[in-house]
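Peer 1: Compact mmCIF, C-alpha atoms, saved as model_11.txt, coming up:
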```txt
# COMPACT_ATOMS: atom_id res chain seq x y z
CA MET A 1 -29.41 -60.01 -13.92
CA LYS A 2 -28.80 -57.88 -10.83
CA ARG A 3 -31.78 -57.30 -8.52
CA LEU A 4 -32.24 -53.97 -6.76
CA ALA A 5 -34.83 -53.30 -4.06
CA ILE A 6 -36.14 -49.74 -4.24
CA ILE A 7 -37.88 -48.30 -1.18
CA GLY A 8 -40.58 -45.86 -2.21
CA ALA A 9 -42.44 -45.32 -5.48
CA GLY A 10 -43.23 -41.60 -5.49
CA GLU A 11 -42.17 -39.05 -8.08
CA PHE A 12 -38.61 -38.82 -6.72
CA GLN A 13 -38.03 -42.55 -7.35
CA VAL A 14 -39.06 -42.46 -11.02
CA PRO A 15 -35.59 -41.49 -12.37
CA LEU A 16 -34.05 -44.29 -10.29
CA VAL A 17 -36.46 -46.98 -11.49
CA LYS A 18 -36.24 -45.81 -15.11
CA ARG A 19 -32.44 -45.78 -15.06
CA CYS A 20 -32.33 -49.30 -13.65
CA LYS A 21 -34.59 -50.44 -16.46
CA GLU A 22 -32.26 -48.83 -19.02
CA ARG A 23 -29.31 -50.62 -17.44
CA GLY A 24 -31.01 -54.00 -17.40
CA ILE A 25 -31.33 -54.12 -13.61
CA GLU A 26 -34.36 -55.92 -12.17
CA THR A 27 -36.25 -53.59 -9.82
CA HIS A 28 -38.40 -54.65 -6.87
CA VAL A 29 -40.25 -51.55 -5.68
CA PHE A 30 -41.93 -51.26 -2.27
CA ALA A 31 -44.55 -48.61 -1.37
CA TRP A 32 -48.22 -48.06 -0.73
CA GLU A 33 -50.34 -48.12 -3.89
CA GLU A 34 -51.51 -44.50 -3.55
CA GLY A 35 -49.14 -42.11 -5.32
CA ALA A 36 -46.90 -44.95 -6.53
CA VAL A 37 -46.11 -43.34 -9.89
CA ALA A 38 -42.87 -45.36 -10.25
CA LYS A 39 -44.90 -48.57 -10.20
CA GLU A 40 -45.40 -48.67 -13.97
CA PHE A 41 -41.64 -48.77 -14.60
CA ALA A 42 -40.84 -51.45 -11.99
CA SER A 43 -40.07 -55.11 -12.72
CA LYS A 44 -42.21 -55.99 -9.69
CA PHE A 45 -44.23 -53.77 -7.34
CA TYR A 46 -45.18 -54.62 -3.76
CA PRO A 47 -47.97 -52.62 -2.05
CA ILE A 48 -46.23 -52.49 1.33
CA SER A 49 -45.51 -49.51 3.58
CA ILE A 50 -41.91 -48.31 3.26
CA LEU A 51 -41.82 -48.37 7.07
CA ASP A 52 -42.53 -52.13 7.21
CA LYS A 53 -38.88 -53.13 7.54
CA ASP A 54 -39.57 -56.73 8.57
CA GLY A 55 -42.02 -57.38 5.74
CA ILE A 56 -39.69 -55.90 3.12
CA LEU A 57 -36.69 -57.75 4.58
CA GLU A 58 -38.53 -61.08 4.31
CA ILE A 59 -39.25 -60.53 0.62
CA CYS A 60 -35.75 -59.21 -0.15
CA THR A 61 -34.17 -62.22 1.57
CA LYS A 62 -36.25 -64.64 -0.52
CA LEU A 63 -35.34 -62.73 -3.68
CA LYS A 64 -31.63 -62.64 -2.75
CA ILE A 65 -31.45 -59.04 -3.90
CA ASN A 66 -28.03 -57.57 -4.75
CA GLY A 67 -28.68 -54.09 -3.34
CA VAL A 68 -31.22 -51.76 -1.75
CA CYS A 69 -31.69 -48.11 -2.62
CA SER A 70 -33.89 -45.01 -2.42
CA ILE A 71 -33.29 -41.44 -3.56
CA ALA A 72 -34.49 -38.14 -2.12
CA SER A 73 -36.69 -39.80 0.51
CA GLU A 74 -35.94 -39.10 4.17
CA LEU A 75 -38.44 -41.65 5.44
CA ALA A 76 -37.07 -44.48 3.33
CA MET A 77 -33.50 -44.33 4.62
CA LEU A 78 -34.03 -46.21 7.88
CA THR A 79 -35.57 -49.09 5.93
CA VAL A 80 -32.78 -48.97 3.31
CA ASN A 81 -30.05 -49.06 5.95
CA THR A 82 -31.82 -51.76 7.97
CA ILE A 83 -32.27 -54.08 4.96
CA ALA A 84 -28.65 -53.51 3.93
CA SER A 85 -27.39 -54.20 7.45
CA LYS A 86 -29.39 -57.43 7.82
CA MET A 87 -28.37 -58.71 4.37
CA ASN A 88 -24.76 -57.52 4.42
CA LEU A 89 -25.33 -55.13 1.51
CA VAL A 90 -23.86 -51.67 0.95
CA ALA A 91 -25.36 -48.74 2.88
CA SER A 92 -24.60 -46.66 5.94
CA SER A 93 -25.53 -48.06 9.34
CA ILE A 94 -28.89 -48.13 11.10
CA GLU A 95 -27.39 -45.78 13.69
CA SER A 96 -26.50 -43.34 10.93
CA ALA A 97 -30.07 -43.36 9.60
CA ASN A 98 -31.42 -42.62 13.07
CA LEU A 99 -28.97 -39.73 13.52
CA THR A 100 -29.98 -38.09 10.24
CA LEU A 101 -33.71 -38.72 10.62
CA ASN A 102 -34.01 -37.03 14.02
CA LYS A 103 -32.99 -33.38 14.02
CA ARG A 104 -32.46 -33.40 17.79
CA SER A 105 -30.02 -36.30 17.62
CA MET A 106 -28.24 -34.61 14.73
CA LYS A 107 -27.91 -31.36 16.63
CA ASP A 108 -26.60 -33.16 19.72
CA VAL A 109 -23.75 -34.86 17.87
CA PHE A 110 -22.90 -31.63 16.03
CA ILE A 111 -22.62 -29.72 19.29
CA GLN A 112 -20.60 -32.51 20.91
CA ASN A 113 -18.15 -32.41 17.99
CA LYS A 114 -18.01 -28.59 17.77
CA ILE A 115 -19.62 -28.44 14.34
CA PRO A 116 -21.32 -25.05 13.78
CA CYS A 117 -25.09 -25.41 13.94
CA ALA A 118 -28.12 -23.58 15.34
CA ILE A 119 -28.53 -23.88 19.11
CA GLY A 120 -31.89 -25.21 20.25
CA GLY A 121 -33.89 -27.88 22.03
CA GLU A 122 -36.50 -30.58 21.43
CA PHE A 123 -39.89 -30.48 23.14
CA SER A 124 -43.05 -32.53 23.37
CA ASN A 125 -44.60 -30.37 26.10
CA TYR A 126 -46.19 -27.04 25.18
CA GLU A 127 -45.52 -25.29 28.50
CA THR A 128 -41.85 -26.26 28.55
CA ALA A 129 -41.38 -25.13 24.97
CA PHE A 130 -43.14 -21.82 25.68
CA GLU A 131 -40.84 -21.15 28.64
CA TYR A 132 -37.77 -21.97 26.52
CA CYS A 133 -38.96 -19.68 23.70
CA SER A 134 -39.61 -16.84 26.12
CA LYS A 135 -35.99 -16.94 27.22
CA MET A 136 -34.50 -17.50 23.75
CA LEU A 137 -36.44 -14.62 22.14
CA LYS A 138 -34.61 -12.16 24.37
CA THR A 139 -31.46 -12.73 22.33
CA SER A 140 -32.52 -14.39 19.06
CA GLU A 141 -35.36 -14.88 16.64
CA LEU A 142 -36.48 -18.52 16.45
CA ILE A 143 -37.34 -21.35 14.08
CA ILE A 144 -39.96 -23.94 15.13
CA LYS A 145 -40.21 -27.18 13.14
CA PRO A 146 -41.05 -30.88 13.54
CA SER A 147 -38.08 -32.96 14.67
CA ASP A 148 -38.52 -35.56 11.93
CA ARG A 149 -40.02 -34.06 8.76
CA SER A 150 -38.68 -32.43 5.58
CA GLY A 151 -39.86 -30.30 2.66
CA SER A 152 -40.31 -27.17 4.81
CA LEU A 153 -43.38 -28.80 6.35
CA ALA A 154 -44.61 -26.96 9.47
CA VAL A 155 -41.54 -24.71 9.63
CA ASN A 156 -42.20 -21.31 11.20
CA HIS A 157 -40.07 -18.24 11.92
CA LEU A 158 -40.94 -16.48 15.18
CA LYS A 159 -39.87 -12.95 16.09
CA ASP A 160 -42.11 -12.84 19.16
CA LEU A 161 -44.58 -15.05 21.06
CA HIS A 162 -47.74 -13.91 19.27
CA ASN A 163 -47.93 -16.90 16.92
CA PHE A 164 -46.15 -19.38 19.17
CA GLU A 165 -49.20 -21.52 19.97
CA ASP A 166 -50.18 -22.02 16.32
CA ALA A 167 -46.59 -22.66 15.28
CA PHE A 168 -45.97 -25.18 18.06
CA ASN A 169 -49.23 -27.05 17.44
CA PHE A 170 -48.63 -27.21 13.68
CA ALA A 171 -45.11 -28.63 14.16
CA TYR A 172 -46.28 -31.02 16.88
CA GLU A 173 -49.15 -32.44 14.82
CA SER A 174 -46.89 -32.76 11.75
CA SER A 175 -44.20 -34.69 13.63
CA PHE A 176 -44.25 -38.50 13.52
CA SER A 177 -42.74 -38.64 17.00
CA LYS A 178 -44.82 -35.68 18.31
CA THR A 179 -41.70 -33.70 19.13
CA VAL A 180 -40.79 -30.17 18.10
CA ILE A 181 -37.44 -28.46 17.52
CA VAL A 182 -37.06 -24.88 18.74
CA GLU A 183 -33.78 -23.30 17.61
CA GLU A 184 -32.16 -19.95 16.99
CA PHE A 185 -32.77 -18.34 13.60
CA ILE A 186 -29.57 -18.21 11.56
CA GLU A 187 -29.00 -15.24 9.25
CA GLY A 188 -27.45 -15.72 5.83
CA ASP A 189 -27.91 -17.07 2.32
CA GLU A 190 -28.96 -20.70 1.94
CA TYR A 191 -27.01 -23.37 0.12
CA SER A 192 -26.63 -27.11 -0.06
CA ALA A 193 -23.79 -29.48 -0.88
CA GLU A 194 -24.41 -32.64 -2.88
CA THR A 195 -21.94 -35.23 -1.58
CA VAL A 196 -20.96 -38.84 -2.27
CA SER A 197 -19.56 -41.15 0.41
CA TYR A 198 -18.00 -44.53 -0.27
CA ASN A 199 -16.26 -46.71 2.29
CA GLY A 200 -15.98 -43.69 4.57
CA ALA A 201 -14.41 -41.32 2.01
CA HIS A 202 -16.39 -38.17 1.12
CA VAL A 203 -16.45 -36.14 -2.12
CA ILE A 204 -18.38 -32.89 -2.65
CA VAL A 205 -19.82 -33.10 -6.16
CA ALA A 206 -21.57 -29.71 -6.30
CA PHE A 207 -22.81 -26.74 -4.30
CA THR A 208 -26.37 -25.51 -4.85
CA GLN A 209 -27.75 -22.04 -4.17
CA LYS A 210 -31.27 -21.97 -2.72
CA ILE A 211 -34.02 -19.38 -3.06
CA THR A 212 -36.94 -19.49 -0.62
CA THR A 213 -40.15 -17.63 0.10
CA GLY A 214 -38.40 -16.24 3.18
CA SER A 215 -40.03 -15.72 6.55
CA PRO A 216 -42.06 -17.27 8.01
CA TYR A 217 -42.16 -20.61 6.09
CA PHE A 218 -38.96 -20.64 3.98
CA VAL A 219 -40.43 -22.82 1.24
CA GLU A 220 -37.82 -23.47 -1.43
CA THR A 221 -38.70 -21.79 -4.74
CA GLY A 222 -35.47 -22.26 -6.68
CA HIS A 223 -32.16 -24.14 -6.84
CA PHE A 224 -29.14 -23.18 -8.95
CA GLN A 225 -25.72 -24.59 -9.81
CA PRO A 226 -22.84 -23.80 -9.80
CA VAL A 227 -22.12 -21.48 -6.86
CA ALA A 228 -19.26 -18.97 -7.08
CA PHE A 229 -17.60 -19.54 -3.70
CA SER A 230 -14.01 -18.43 -3.17
CA ALA A 231 -11.37 -21.15 -2.95
CA SER A 232 -10.78 -20.42 0.73
CA LEU A 233 -14.50 -20.63 1.54
CA VAL A 234 -14.80 -23.92 -0.38
CA ALA A 235 -11.90 -25.34 1.63
CA ASN A 236 -13.52 -24.26 4.92
CA ILE A 237 -16.97 -25.60 3.95
CA SER A 238 -15.47 -28.89 2.77
CA GLU A 239 -13.58 -29.43 6.01
CA ILE A 240 -16.68 -28.81 8.14
CA LEU A 241 -18.97 -30.93 5.95
CA LYS A 242 -16.66 -33.93 5.87
CA LYS A 243 -16.33 -33.79 9.65
CA ALA A 244 -20.14 -33.54 9.93
CA LEU A 245 -20.63 -36.57 7.66
CA ASP A 246 -18.16 -38.53 9.80
CA THR A 247 -19.99 -37.42 12.93
CA LEU A 248 -23.28 -38.72 11.51
CA LYS A 249 -21.55 -42.01 10.61
CA ILE A 250 -22.44 -41.62 6.95
CA THR A 251 -20.08 -43.97 5.11
CA GLN A 252 -21.96 -45.01 1.97
CA GLY A 253 -24.21 -43.20 -0.47
CA ILE A 254 -25.35 -39.74 -1.45
CA SER A 255 -26.06 -36.98 1.07
CA HIS A 256 -27.73 -33.58 0.87
CA CYS A 257 -26.15 -31.08 3.28
CA GLU A 258 -28.02 -27.80 3.92
CA PHE A 259 -26.19 -24.80 5.35
CA LYS A 260 -26.11 -21.00 5.54
CA ILE A 261 -23.30 -18.55 4.92
CA PHE A 262 -23.22 -15.20 6.74
CA ASN A 263 -20.15 -12.96 6.76
CA ASN A 264 -18.14 -15.86 5.28
CA LEU A 265 -19.05 -18.08 8.25
CA MET A 266 -20.84 -21.38 7.73
CA THR A 267 -23.62 -22.85 9.88
CA ILE A 268 -25.07 -26.28 9.12
CA ILE A 269 -28.86 -26.43 9.14
CA GLU A 270 -29.26 -30.19 8.66
CA ILE A 271 -27.94 -33.12 6.64
CA GLY A 272 -30.03 -35.78 4.93
CA GLY A 273 -28.38 -39.12 4.26
CA ARG A 274 -30.01 -39.27 0.83
CA MET A 275 -29.98 -37.50 -2.52
CA GLY A 276 -31.31 -33.95 -2.64
CA GLY A 277 -34.92 -33.72 -3.79
CA ASP A 278 -36.59 -30.98 -5.80
CA PHE A 279 -34.73 -32.22 -8.93
CA ILE A 280 -31.34 -31.30 -7.37
CA GLY A 281 -29.84 -34.79 -7.47
CA SER A 282 -31.80 -36.27 -10.35
CA HIS A 283 -31.66 -33.33 -12.81
CA ILE A 284 -29.76 -30.20 -11.74
CA THR A 285 -26.48 -31.80 -10.66
CA PRO A 286 -26.02 -34.08 -13.72
CA LEU A 287 -27.04 -31.31 -16.12
CA SER A 288 -24.60 -28.89 -14.47
CA THR A 289 -21.66 -31.25 -13.90
CA GLY A 290 -22.12 -34.26 -16.16
CA ILE A 291 -22.09 -36.52 -13.09
CA SER A 292 -25.09 -38.84 -12.83
CA MET A 293 -26.12 -38.99 -9.18
CA VAL A 294 -28.73 -41.64 -9.99
CA ASP A 295 -26.10 -43.93 -11.50
CA ILE A 296 -23.88 -43.33 -8.46
CA ALA A 297 -26.73 -44.31 -6.13
CA ILE A 298 -27.25 -47.53 -8.11
CA ASP A 299 -23.54 -48.36 -8.32
CA ILE A 300 -22.94 -47.83 -4.60
CA SER A 301 -25.95 -50.00 -3.70
CA LEU A 302 -24.65 -52.79 -5.93
CA ASN A 303 -21.06 -52.32 -4.65
CA GLU A 304 -19.87 -51.45 -8.16
CA PHE A 305 -18.74 -47.86 -7.50
CA SER A 306 -15.32 -46.24 -7.76
CA ILE A 307 -14.43 -42.84 -6.30
CA ALA A 308 -12.19 -42.31 -9.33
CA SER A 309 -15.32 -42.14 -11.52
CA LEU A 310 -16.32 -38.80 -9.95
CA GLN A 311 -14.98 -36.60 -12.71
CA ARG A 312 -16.77 -33.31 -13.52
CA LYS A 313 -17.34 -33.18 -17.28
CA PHE A 314 -18.55 -29.58 -17.59
CA ASN A 315 -19.76 -26.58 -15.59
CA LYS A 316 -23.12 -25.38 -16.92
CA ASN A 317 -25.51 -22.87 -15.35
CA ILE A 318 -28.55 -25.01 -14.52
CA GLY A 319 -31.48 -24.33 -12.24
CA VAL A 320 -35.03 -25.13 -11.28
CA MET A 321 -37.69 -22.63 -10.25
CA PHE A 322 -41.04 -23.53 -8.69
CA LEU A 323 -44.42 -21.87 -9.04
CA THR A 324 -45.77 -20.66 -5.71
CA SER A 325 -48.39 -18.25 -4.48
CA THR A 326 -48.35 -15.94 -1.47
CA VAL A 327 -52.15 -15.97 -1.26
CA ASP A 328 -55.02 -18.45 -1.41
CA GLY A 329 -56.84 -18.05 -4.69
CA LYS A 330 -57.47 -19.70 -8.03
CA LEU A 331 -55.51 -19.96 -11.25
CA GLU A 332 -56.85 -17.29 -13.58
CA ARG A 333 -54.45 -17.56 -16.53
CA CYS A 334 -51.62 -19.78 -17.75
CA GLU A 335 -49.93 -19.57 -21.15
CA SER A 336 -46.37 -20.37 -22.14
CA ASN A 337 -43.96 -17.54 -23.04
CA THR A 338 -40.21 -17.37 -23.51
CA ILE A 339 -37.51 -16.05 -21.17
CA GLU A 340 -34.58 -14.16 -22.71
CA SER A 341 -31.12 -15.80 -22.40
CA VAL A 342 -32.67 -18.90 -20.81
CA LYS A 343 -33.14 -22.31 -22.47
CA ILE A 344 -36.12 -24.14 -21.01
CA LEU A 345 -35.25 -27.81 -20.54
CA GLN A 346 -38.43 -28.92 -18.79
CA ALA A 347 -41.58 -27.12 -17.74
CA ASN A 348 -44.66 -28.36 -15.96
CA ILE A 349 -47.69 -26.89 -14.25
CA ASP A 350 -49.81 -29.13 -12.03
CA LYS A 351 -52.98 -27.02 -12.14
CA LYS A 352 -55.54 -25.98 -14.72
CA ILE A 353 -57.50 -22.78 -15.10
CA GLY A 354 -59.97 -22.32 -12.24
CA ASP A 355 -58.14 -24.68 -9.85
CA LYS A 356 -57.59 -23.54 -6.30
CA ILE A 357 -54.07 -22.38 -5.45
CA GLN A 358 -52.93 -22.28 -1.83
CA ASN A 359 -50.46 -19.99 -0.12
CA ALA A 360 -47.13 -21.85 -0.21
CA THR A 361 -46.66 -22.72 3.47
CA SER A 362 -44.80 -25.95 2.51
CA SER A 363 -43.26 -27.41 -0.64
CA CYS A 364 -46.28 -29.62 -1.29
CA LYS A 365 -48.28 -26.46 -2.12
CA ARG A 366 -46.09 -25.49 -5.06
CA PHE A 367 -47.88 -26.04 -8.36
CA GLY A 368 -45.32 -26.23 -11.14
CA HIS A 369 -41.67 -25.94 -12.10
CA ILE A 370 -39.19 -24.93 -14.80
CA ILE A 371 -35.79 -26.57 -15.25
CA PHE A 372 -33.58 -24.28 -17.31
CA GLU A 373 -30.09 -23.59 -18.59
CA GLY A 374 -28.72 -20.06 -18.58
CA ASN A 375 -28.62 -17.01 -16.35
CA VAL A 376 -30.66 -17.16 -13.14
CA PRO A 377 -34.10 -15.68 -13.84
CA SER A 378 -36.17 -13.85 -11.30
CA MET A 379 -39.40 -15.27 -9.95
CA SER A 380 -41.30 -12.70 -12.03
CA GLN A 381 -39.61 -14.09 -15.16
CA VAL A 382 -40.69 -17.60 -14.25
CA PHE A 383 -44.28 -16.44 -13.87
CA LYS A 384 -43.86 -14.62 -17.18
CA HIS A 385 -42.95 -17.92 -18.86
CA PHE A 386 -46.14 -19.56 -17.63
CA GLY A 387 -48.20 -16.37 -17.95
CA VAL A 388 -49.58 -17.25 -14.51
CA ILE A 389 -52.08 -15.11 -12.62
CA VAL A 390 -53.45 -16.22 -9.25
CA SER A 391 -56.18 -14.20 -7.54
```
Transcribe the structure of this file into structure tokens.
Peer 2:
Amino acid sequence: MKRLAIIGAGEFQVPLVKRCKERGIETHVFAWEEGAVAKEFASKFYPISILDKDGILEICTKLKINGVCSIASELAMLTVNTIASKMNLVASSIESANLTLNKRSMKDVFIQNKIPCAIGGEFSNYETAFEYCSKMLKTSELIIKPSDRSGSLAVNHLKDLHNFEDAFNFAYESSFSKTVIVEEFIEGDEYSAETVSYNGAHVIVAFTQKITTGSPYFVETGHFQPVAFSASLVANISEILKKALDTLKITQGISHCEFKIFNNLMTIIEIGGRMGGDFIGSHITPLSTGISMVDIAIDISLNEFSIASLQRKFNKNIGVMFLTSTVDGKLERCESNTIESVKILQANIDKKIGDKIQNATSSCKRFGHIIFEGNVPSMSQVFKHFGVIVS
């Protein structure tokens, strides 16, 4: 029986652990006990921090594991790549993990290699950042965010200096390294590319359209596949993305590449060397294309993958929409309804009547979701399905 080490045990890892169990793969799952919902499906669970690379490596070495994996977790990738490097298993390098984890490092290599991205700087000092913002705001609106977090956490859009102090402090306190990225705001519609890399070759499996709450927090409220790009735009995006993946030294595994399109021009926002979260990799992509990203993640980790297996089986309209609120309040009503021309595949609400609902300033403050097949519904239709009222 093959043994796979899985770094992390949160909600995003559940499809991975379950699929391994279905395939008869022994899973050794590492994470803190709190929030470890994948624990119940694991062959063996270890209550260890996913950042404890040495402790996990010691156990994995004794177990003689055949692979190491994690999906949709930014924090886990440095541990995954370190374990793989030390044990001669399949994953991208430690250097690659560091490049994708730190947005400043990522931006530096993009600029050096003439890959279109937002111009900006990294700061740990308030006064220096304020001076930089003062100059930048003369020509561009700005985004302030932690240099090493994800999920729209502590992201703010600034059009002037009025909220700079609060935005800087929020990003600074949210950052693990206590550093903040200040960069130009890029106009355009938001998308992502779900890619697979194996032995240095890259394949774009799907493009995903993103819907957000917009300024100032840009919390993602919906993801949809497929995207109707022109053939020429697809060719241009593909060329830039493959160069970007090479630049970040991503050679093995699944990546989630976020970008904007404005006037048919592409700008990369950031690339994560891991599967897209928010059900994109685990649910939306396989339901839309017939390609199981979870199986690919497993196969690559166990060195059992073939690029030739990446064959799209169909092209269905699949999406996920999230419940969010623009105000602090409480859940007044919630009852299931139907949405015309949409087949509900999965629906969940995390709150009950009377529970407090917070303004969605980050993705962790969303309180439910619908995965559906059919035409893209509006946010009002999603709320209609749940019959949700927040006040």
Peer 1: Compare A:Gly35, A:Ile83, A:Phe262, A:Glu340 by their minimum atom-to-atom distance to A:Thr61, counting all atoms listed in the file, and give me the closest one.
Peer 2: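 Nearest candidate to A:Thr61 out of A:Gly35, A:Ile83, A:Phe262, A:Glu340: A:Ile83.
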Peer 1: Atom CA of A:Glu11 and atom CA of A:Gly24 are how many Å apart?
Peer 2: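 Calculated distance between atom CA of A:Glu11 and atom CA of A:Gly24 is 20.9 Å.
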Peer 1: I'd like a table as CSV: residues in stretch 365-386 of chain A with an atom no more than 12 Å from stretch 217-222 of chain A, each row giving the shortest atom pair and its distance in Å to one decimal, only C-alpha atoms counted, sorted by chain and rising residue number.
Peer 2:
```
residue,atom,partner,partner_atom,distance
A:Lys365,CA,A:Val219,CA,9.3
A:Arg366,CA,A:Thr221,CA,8.3
A:Phe367,CA,A:Thr221,CA,10.7
A:Gly368,CA,A:Thr221,CA,10.2
A:His369,CA,A:Thr221,CA,9.0
A:Ile370,CA,A:Gly222,CA,9.3
A:Ile371,CA,A:Gly222,CA,9.6
A:Phe372,CA,A:Gly222,CA,11.0
A:Val376,CA,A:Gly222,CA,9.5
A:Pro377,CA,A:Gly222,CA,9.8
A:Ser378,CA,A:Gly222,CA,9.6
A:Met379,CA,A:Thr221,CA,8.4
A:Ser380,CA,A:Thr221,CA,11.9
A:Val382,CA,A:Gly222,CA,10.3
A:Phe383,CA,A:Thr221,CA,12.0
```
Peer 1: Considering all atoms listed in the file, state which residue in the set A:Ser391, A:Asn113, A:Ser175, A:Thr251 is at the smallest distance from A:His202.
Peer 2: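 Selected residue with least distance to A:His202: A:Thr251.
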Peer 1: Extending 5 Å beyond the listed atoms of stretch 341-345 of chain A on each side, what axis-aligned box results? I want centre and edge lengths in Å to one decimal, as AutoDock Vina command-line options.
Peer 2:
```
--center_x -33.6 --center_y -21.8 --center_z -21.5 --size_x 15.0 --size_y 22.0 --size_z 11.9
```
Peer 1: With all atoms listed in the file as the basis for distance, which of A:Leu153, A:Ala91, A:Val203, A:Leu137 is at the shortest distance from A:Phe185?
Peer 2: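 Looking at the shortest contact to A:Phe185, the residue is A:Leu137.
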Peer 1: One decimal, Å: what's the distance from atom CA of A:Leu287 over to atom CA of A:Thr267, could you say?
Peer 2: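 One can read the atom CA of A:Leu287 to atom CA of A:Thr267 distance as 27.6 Å.
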Peer 1: Find the residues with any atom within 12 Å of (-36.2, -56.2, -19.6); use all atoms listed in the file and the coordinates as given in the file, and write the answer as a PyMOL selection string.
Peer 2: chain A and resi 1-3+18-27+41-44
Peer 1: Starting from the point (-37.8, -19.2, 14.5), work out which residues of protein, DNA or RNA have an atom no more than 6 Å away when counting only C-alpha atoms; state them as a PDB file with C-alpha atoms, keeping the file's coordinate frame.
Peer 2:
```
ATOM      1  CA  GLU A 141     -35.360 -14.880  16.640  1.00  0.00           C
ATOM      2  CA  LEU A 142     -36.480 -18.520  16.450  1.00  0.00           C
ATOM      3  CA  ILE A 143     -37.340 -21.350  14.080  1.00  0.00           C
ATOM      4  CA  ILE A 144     -39.960 -23.940  15.130  1.00  0.00           C
ATOM      5  CA  ASN A 156     -42.200 -21.310  11.200  1.00  0.00           C
ATOM      6  CA  HIS A 157     -40.070 -18.240  11.920  1.00  0.00           C
ATOM      7  CA  LEU A 158     -40.940 -16.480  15.180  1.00  0.00           C
ATOM      8  CA  PHE A 185     -32.770 -18.340  13.600  1.00  0.00           C
TER       9      PHE A 185
END
```
Peer 1: Which distance in Å separates atom CA of A:Leu245 and atom CA of A:Gly67, to one decimal?
Peer 2: 22.2 Å
Peer 1: Produce a table with one row for each residue of stretch 133-192 of chain A that has an atom at most 12 Å from any atom of stretch 275-284 of chain A, each row naming the nearest atom pair and its distance in Å at one decimal; use all atoms listed in the file; arrange rows by chain and rising residue number; format as a tab-separated table.
Peer 2:
```
residue	atom	partner	partner_atom	distance
A:Ser150	CA	A:Gly277	CA	10.2
A:Gly151	CA	A:Gly277	CA	8.8
A:Ser152	CA	A:Asp278	CA	11.9
A:Tyr191	CA	A:Ile280	CA	11.7
A:Ser192	CA	A:Gly276	CA	8.7
```
